[in-house]
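> Here's a structure for you.
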Amino acid sequence: MTEYLLRRILQSIVVLFLVTVFMFALVHAAPGGPTHVLLGPGMSPEAMKIQEHNMGLDQPLPLQYLHWLKDMLTGNFGYTFKNHIPINTIIWPTVGNTLILMGAAWVLSLIIAIPWGIYNSTKTYGISDNVATVIAYLGFAIPSFWFGILLQEYFSLKLNWFPLSDMWTVGKQGDIGNLLWHMVLPVTVLALGFLAGYLKYSRASMLEVLHEDFVRTARAKGVPERWVIYRHALRNALIPVITVLGLDLPVLVGGALLTENVFNWPGMGREFVEMALAREYSVLMAITVITAVMVVLGNLLADILYAVVDPRVQLGKKGGASV
Amino acid sequence: MARTLLEIKDLSTGFITEGGIVKAVDGVSLTVETGQTVCVVGESGSGKSVTSLTVMRLSEYDGGQILGGEVWFQGENLLTKSQKEMRRIRGKRISMIFQEPMNALNPVFTVGDQIAEVVRMHERVTRDAAWARAVEMLRLVGIPEPVLRARQYPHELSGGMCQRVVIAMALVCHPELVIADEPTTALDVTVQAQILDLLRDLQQKFGTAIMLITHDMGVAAEMADRIAVMYAGIIVEEGTVEQIFERPHHPYTIGLLKSIPGFEGERGTELYTIRGNIPNLARLPSGCRFHPRCPFATDRCRQESPPLRKLDEGRKVACWYAEDVAAGRVTGAVTGMDVESTEAVPAELSPGDGQTAVRGAAK
Ligand SMILES: Nc1ncnc2c1ncn2[C@@H]1O[C@H](COP(=O)(O)OP(=O)(O)OP(=O)(O)O)[C@@H](O)[C@H]1O
Ligand SMILES: [Mg+2]
């Protein structure tokens with residue numbers, strides 16, 4: 001177990017290293033070089049020289065990379081180009097806001113989808129199963145931004161039950177009730193997206209396990225049917241589901257882009273679009289690095305969970321399967 | 001001393017498939033007495049597993065439908081019981097050993113856990129007491145270092161070890177009957193012999209009756225008190241191990257015996273195989289369901305299905321010409337299918353030859 005985890009952590013570090021090298025190279029390969037990218041066009045050549053020196057851009061590339069990496073690792077993302085605001089003060093609140101929104105949608109969809117999918121696997125093609133199939137179908141078929149606008153039209157403009165957009169009502173910042181009220185519509189949109197996949201996946205995984213020999217063995221031992229399903233089959237069925245959850249974690253960080261923009265949610269997705277339009281490349285880089293770190297951490301978390309559920313992982317037999 | 005423990009009466013189990021209803025078990029009757037070993041032999045697809053799973057009332061979980069019959073176990077008809085009632089019998093009074101030990105064990109629980117679970121299901125004992133019973137049982141089935149092994153997962157054990165664990169699981173509550181469905185098929189030959197020895201030892205120790213399912217006549221010869229030969233959902237011949245091996249009465253039994261490597265004399269160079277395949281159960285042939293493969297088939301065989309009838313003491317057979325077949329009166333020069341010889345039935349043999357032979361002999 002420890003050996004497996006150490007190997008996983010080491011792999012994560014290697015992945016992060018490659019991501020940063022790639023990012024660094026991307027900036028340096030851009031037309032006009034990093035000065036152009038980081039400082040924007042329209043500077044006099046003299047001013048640019050001074051800036052380049054100040055930023056260490058006249059040093060050899062590996063050295064520059066190490067400096068840059070140190071900055072990134074210490075969370076020193078620099079300042080915005082336009083107003084010279086520390087990027088840290090802009091970016092961390094948006095990360096938090098995105099995690100609140102996506103986390104809520106994700107957890108909600110898991111709480112609904114996994115028990116429901118499991119239940120449906122034991123009563124295939126019943127009413128519950130058919131309802132779930134329709135919901136999953138809608139979840140796959142409806143584009144999230146369109147669904148978001150639809151909800152706004154109906155529940156906000158027409159019925160006036162929920163706010164149209166934003167995270168707080170002006171003047172009510174910090175009021176949890178107000179936050180939850182604002183979250184209902186965007187969380188619904190995002191949760192439906194997750195729900196579709198997880199419903200189908202947990203049902204299929206469980207159905208497969210229910211046909212395994214050891215399920216029959218459990219019955220032959222005199223284990224009650226409820227235990228057969230929730231003790232013997234469930235843990236096995238969760239193994240592939242956890243793998244999928246791990247693969248979905250990147251979506252959790254980056255996937256709210258459209259929904260955040262529809263609902264004007266002050267998260268990373270909205271920030272990214274705004275900053276891209278404003279050509280604030282330093283901010284974009286910071287967001288990308290943070291996203292990369294979170295993705296790698298998420299996968300690591302999934303691997304740990306995987307090892308907890310599946311004893312075969314300890315021998316490393318399945319160690320490569322979850323990357 | 002020998003009492004009837006299990007009595008299967010006219011049992012039928014079917015599956016609904018696209019090709020119609022498939023009667024995998026079609027009127028099977030079989031008796032197992034206390035402490036006895038009864039082997040059910042037959043080719044793949046003859047309905048051996050479905051029979052045993054129906055006795056356990058487990059075939060229902062695979063979509064099987066019990067179409068008729070009775071299964072009497074110690075004075076109770078298992079077919080009229082609810083699944084809830086069956087649960088108290090399974091693992092405690094009748095238990096099962098499966099073909100693929102690796103797949104039969106749950107990969108996410110330790111083997112000790114899986115054995116102790118049986119105890120906890122059926123007896124009011126503490127967790128620790130159940131665990132101690134599991135370890136003790138692992139010792140009994142010959143697993144070295146049982147304390148250590150109990151904490152391991154199935155993937156950490158070999159196939160033979162896993163089968164010992166499955167046997168431990170089946171016997172930990174001292175059931176009166178163990179149904180073993182091809183317990184050695186998936187194992188190496190050397191391990192097979194060990195597992196069979198183990199089963200015999202434990203049977204002696206606990207006085208358990210065994211219903212042993214196999215397609216290997218060699219295994220049956222070694223283990224059985226009685227043998228039931230199944231073909232396409234029915235029993236075609238049943239008798240003591242001596243009756244079956246010394247004087248088989250059904251052409252299918254004869255075929256099975258001749259296909260044992262080195263069974264009848266050493267002269268035979270080529271291994272005998274029964275020509276043709278087991279029929280599609282959804283489209284059974286008319287008359288005797290073995291007739292398309294039988295070297296002795298007559299018009300009667302093609303039209304009328306022979307009942308399972310009682311011959312000498314303890315023997316039953318479903319063949320119109322059983323006496324003649326056993327006496328070799330329909331064999332020899334004409335058909336080439338001679339019980340006494342090691343010569344295989346010539347491939348070009350047509351059913352017509354058999355027909356003349358039997359008629360000639362019957363006069
Ligand atoms: N779940 C099922 N659904 C449909 N048909 C089935 C099912 N289980 C078994 N059958 C059919 O019943 C027949 C008998 O199968 P069974 O498994 O009892 O054979 P067997 O004698 O145990 O053979 P083997 O030696 O291969 O284990 C086969 O024709 C099979 O196709
Ligand atoms: Mg079978």
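Identifiers for the structure tokens are assigned positionally: chains receive A, B, ... in sequence, residues are indexed from 1 per chain, and ligands are indexed from 1 in the order shown.
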Can you tell me, as number ranges by chain, which residues in region 108-219 of chain B count as helix (DSSP H, G or I) by DSSP?
B: 111-122, 127-140, 146-149, 154-156, 159-171, 189-206, 217-219
> Could you list the protein, DNA and RNA residues that have any atom within 9 Å of ligand 2, counting only C-alpha atoms and all ligand atoms, and write them as a list in words?
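Final answer, ordered by chain and number: Ser44, Gly45, Ser46, Gly47, Lys48, Ser49, Val50, Ser52, Gln99, Asp181, Glu182, Ile213, Thr214 and His215 of chain B.
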> If you run DSSP on the backbone, which residues of region 55-126 of chain B are strand (DSSP E or B), as a VMD selection string?
chain B and resid 64 to 73 76 to 77 90 94 to 97
> Could you list, as a ChimeraX atom specification, every residue within 9 Å of region 215-229 of chain A, counting only C-alpha atoms and ignoring same-chain residues fewer than 3 positions away?
/A:118,122,206,209-212,232-234 /B:56,58,61,83-84,86-92,94-98,104-106,114,117-118,121-122,169-170
> With C-alpha atoms kept, could you save the residues just selected as a CSV table (one decimal), in the first residue's frame?

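Result saved to out.csv:
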```csv
chain,number,residue,atom,x,y,z
A,118,ILE,CA,-27.4,0.5,-7.9
A,122,THR,CA,-31.6,-4.9,-9.1
A,206,MET,CA,-23.4,-3.3,-10.7
A,209,VAL,CA,-20.9,-7.7,-10.9
A,210,LEU,CA,-24.3,-9.3,-10.1
A,211,HIS,CA,-23.4,-11.9,-12.8
A,212,GLU,CA,-20.1,-12.8,-11.2
A,232,HIS,CA,-20.7,-8.5,-1.7
A,233,ALA,CA,-21.6,-6.9,-5.0
A,234,LEU,CA,-21.5,-3.2,-4.2
B,56,MET,CA,-30.3,-25.0,-4.1
B,58,LEU,CA,-30.3,-20.6,-7.1
B,61,TYR,CA,-31.4,-15.8,-10.0
B,83,GLN,CA,-36.1,-17.7,-0.7
B,84,LYS,CA,-36.0,-16.5,2.9
B,86,MET,CA,-34.0,-21.3,1.7
B,87,ARG,CA,-31.4,-18.9,3.0
B,88,ARG,CA,-31.4,-20.7,6.3
B,89,ILE,CA,-30.7,-24.0,4.5
B,90,ARG,CA,-28.0,-22.8,2.1
B,91,GLY,CA,-24.6,-23.0,3.6
B,92,LYS,CA,-25.9,-24.6,6.7
B,94,ILE,CA,-26.7,-27.9,1.9
B,95,SER,CA,-23.7,-26.1,0.6
B,96,MET,CA,-22.0,-25.8,-2.7
B,97,ILE,CA,-18.5,-26.0,-4.2
B,98,PHE,CA,-18.0,-24.4,-7.6
B,104,ALA,CA,-16.1,-18.1,-6.7
B,105,LEU,CA,-14.4,-16.1,-4.0
B,106,ASN,CA,-15.1,-12.4,-3.6
B,114,GLN,CA,-15.5,-15.2,3.7
B,117,GLU,CA,-19.3,-15.1,7.2
B,118,VAL,CA,-20.9,-18.5,6.8
B,121,MET,CA,-25.0,-16.2,8.9
B,122,HIS,CA,-26.1,-19.4,10.6
B,169,MET,CA,-16.5,-22.4,3.4
B,170,ALA,CA,-18.8,-25.2,2.3
```
> With a distance cut-off of 8 Å and only C-alpha atoms, select the neighbouring residues of Gln36 (chain B), excluding the residue or stretch itself and same-chain residues fewer than 6 positions from it, and output the selection as a VMD selection string.
chain B and resid 208 to 210 225
> Which residues come within 7 Å of region 185-187 of chain B, counting only C-alpha atoms, excluding same-chain residues fewer than 5 positions away, as a list in words?
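Listed by chain and then number, they are Gln99, Glu100, Gly159, Gly160 and Gln192 of chain B.
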> Output C-alpha atoms for every residue in the selection just made, as a compact mmCIF listing (two decimals), in the first residue's frame.

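Everything below was put into result-v6.txt:
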```
# COMPACT_ATOMS: atom_id res chain seq x y z
CA GLN B 99 -15.96 -24.98 -10.65
CA GLU B 100 -13.82 -21.83 -10.76
CA GLY B 159 -6.12 -21.93 -7.65
CA GLY B 160 -5.75 -25.09 -5.59
CA GLN B 192 -7.14 -32.33 -8.81
```
> Of the residues B:Gly14, B:Pro261, B:Gly69, B:Gly255, which is the one nearest to ligand 1, using only C-alpha atoms and all ligand atoms?
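Comparing B:Gly14, B:Pro261, B:Gly69, B:Gly255 against ligand 1, the winner is B:Gly14.
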> Grab the CA of Thr259 (chain A) to CA of Leu159 (chain A) distance for me, in Å with one decimal place.
20.7 Å
> So that I can check the surroundings of Thr94 (chain A), please list as a PDB file with N, CA and C atoms, in the first residue's frame every protein, DNA and RNA residue that reaches within 10 Å of it, counting only C-alpha atoms and ignoring chain neighbours fewer than 4 positions away.

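So out22.pdb came out as:
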```
ATOM      1  N   THR A  89      -4.584  37.836  -5.354  1.00  0.00           N
ATOM      2  CA  THR A  89      -5.813  38.359  -4.756  1.00  0.00           C
ATOM      3  C   THR A  89      -7.005  38.198  -5.682  1.00  0.00           C
ATOM      4  N   ILE A  90      -6.766  38.102  -7.003  1.00  0.00           N
ATOM      5  CA  ILE A  90      -7.884  37.883  -7.936  1.00  0.00           C
ATOM      6  C   ILE A  90      -8.234  36.416  -8.003  1.00  0.00           C
ATOM      7  N   THR A  98     -15.500  28.484  -7.709  1.00  0.00           N
ATOM      8  CA  THR A  98     -15.738  27.368  -8.630  1.00  0.00           C
ATOM      9  C   THR A  98     -15.887  26.058  -7.869  1.00  0.00           C
ATOM     10  N   LEU A  99     -14.999  25.863  -6.879  1.00  0.00           N
ATOM     11  CA  LEU A  99     -15.065  24.608  -6.131  1.00  0.00           C
ATOM     12  C   LEU A  99     -16.384  24.482  -5.371  1.00  0.00           C
ATOM     13  N   ILE A 100     -16.886  25.601  -4.856  1.00  0.00           N
ATOM     14  CA  ILE A 100     -18.184  25.563  -4.160  1.00  0.00           C
ATOM     15  C   ILE A 100     -19.270  25.084  -5.118  1.00  0.00           C
ATOM     16  N   TRP A 265     -21.351  33.540 -12.629  1.00  0.00           N
ATOM     17  CA  TRP A 265     -20.794  33.053 -11.351  1.00  0.00           C
ATOM     18  C   TRP A 265     -19.313  33.419 -11.289  1.00  0.00           C
ATOM     19  N   PRO A 266     -18.886  34.116 -10.232  1.00  0.00           N
ATOM     20  CA  PRO A 266     -17.504  34.613 -10.211  1.00  0.00           C
ATOM     21  C   PRO A 266     -16.458  33.528  -9.956  1.00  0.00           C
ATOM     22  N   GLY A 267     -16.407  32.546 -10.829  1.00  0.00           N
ATOM     23  CA  GLY A 267     -15.461  31.447 -10.659  1.00  0.00           C
ATOM     24  C   GLY A 267     -14.324  31.517 -11.663  1.00  0.00           C
ATOM     25  N   MET A 268     -13.533  30.446 -11.658  1.00  0.00           N
ATOM     26  CA  MET A 268     -12.363  30.404 -12.535  1.00  0.00           C
ATOM     27  C   MET A 268     -12.746  30.447 -14.011  1.00  0.00           C
ATOM     28  N   GLY A 269     -13.827  29.787 -14.353  1.00  0.00           N
ATOM     29  CA  GLY A 269     -14.247  29.722 -15.747  1.00  0.00           C
ATOM     30  C   GLY A 269     -14.568  31.099 -16.290  1.00  0.00           C
ATOM     31  N   ARG A 270     -15.336  31.865 -15.485  1.00  0.00           N
ATOM     32  CA  ARG A 270     -15.691  33.201 -15.930  1.00  0.00           C
ATOM     33  C   ARG A 270     -14.456  34.096 -15.968  1.00  0.00           C
ATOM     34  N   GLU A 271     -13.632  33.934 -14.928  1.00  0.00           N
ATOM     35  CA  GLU A 271     -12.402  34.714 -14.842  1.00  0.00           C
ATOM     36  C   GLU A 271     -11.508  34.461 -16.059  1.00  0.00           C
ATOM     37  N   PHE A 272     -11.433  33.179 -16.419  1.00  0.00           N
ATOM     38  CA  PHE A 272     -10.579  32.792 -17.535  1.00  0.00           C
ATOM     39  C   PHE A 272     -11.016  33.500 -18.808  1.00  0.00           C
ATOM     40  N   ILE A 287      -3.981  30.421 -13.741  1.00  0.00           N
ATOM     41  CA  ILE A 287      -5.165  29.553 -13.708  1.00  0.00           C
ATOM     42  C   ILE A 287      -4.818  28.162 -14.231  1.00  0.00           C
TER      43      ILE A 287
END
```
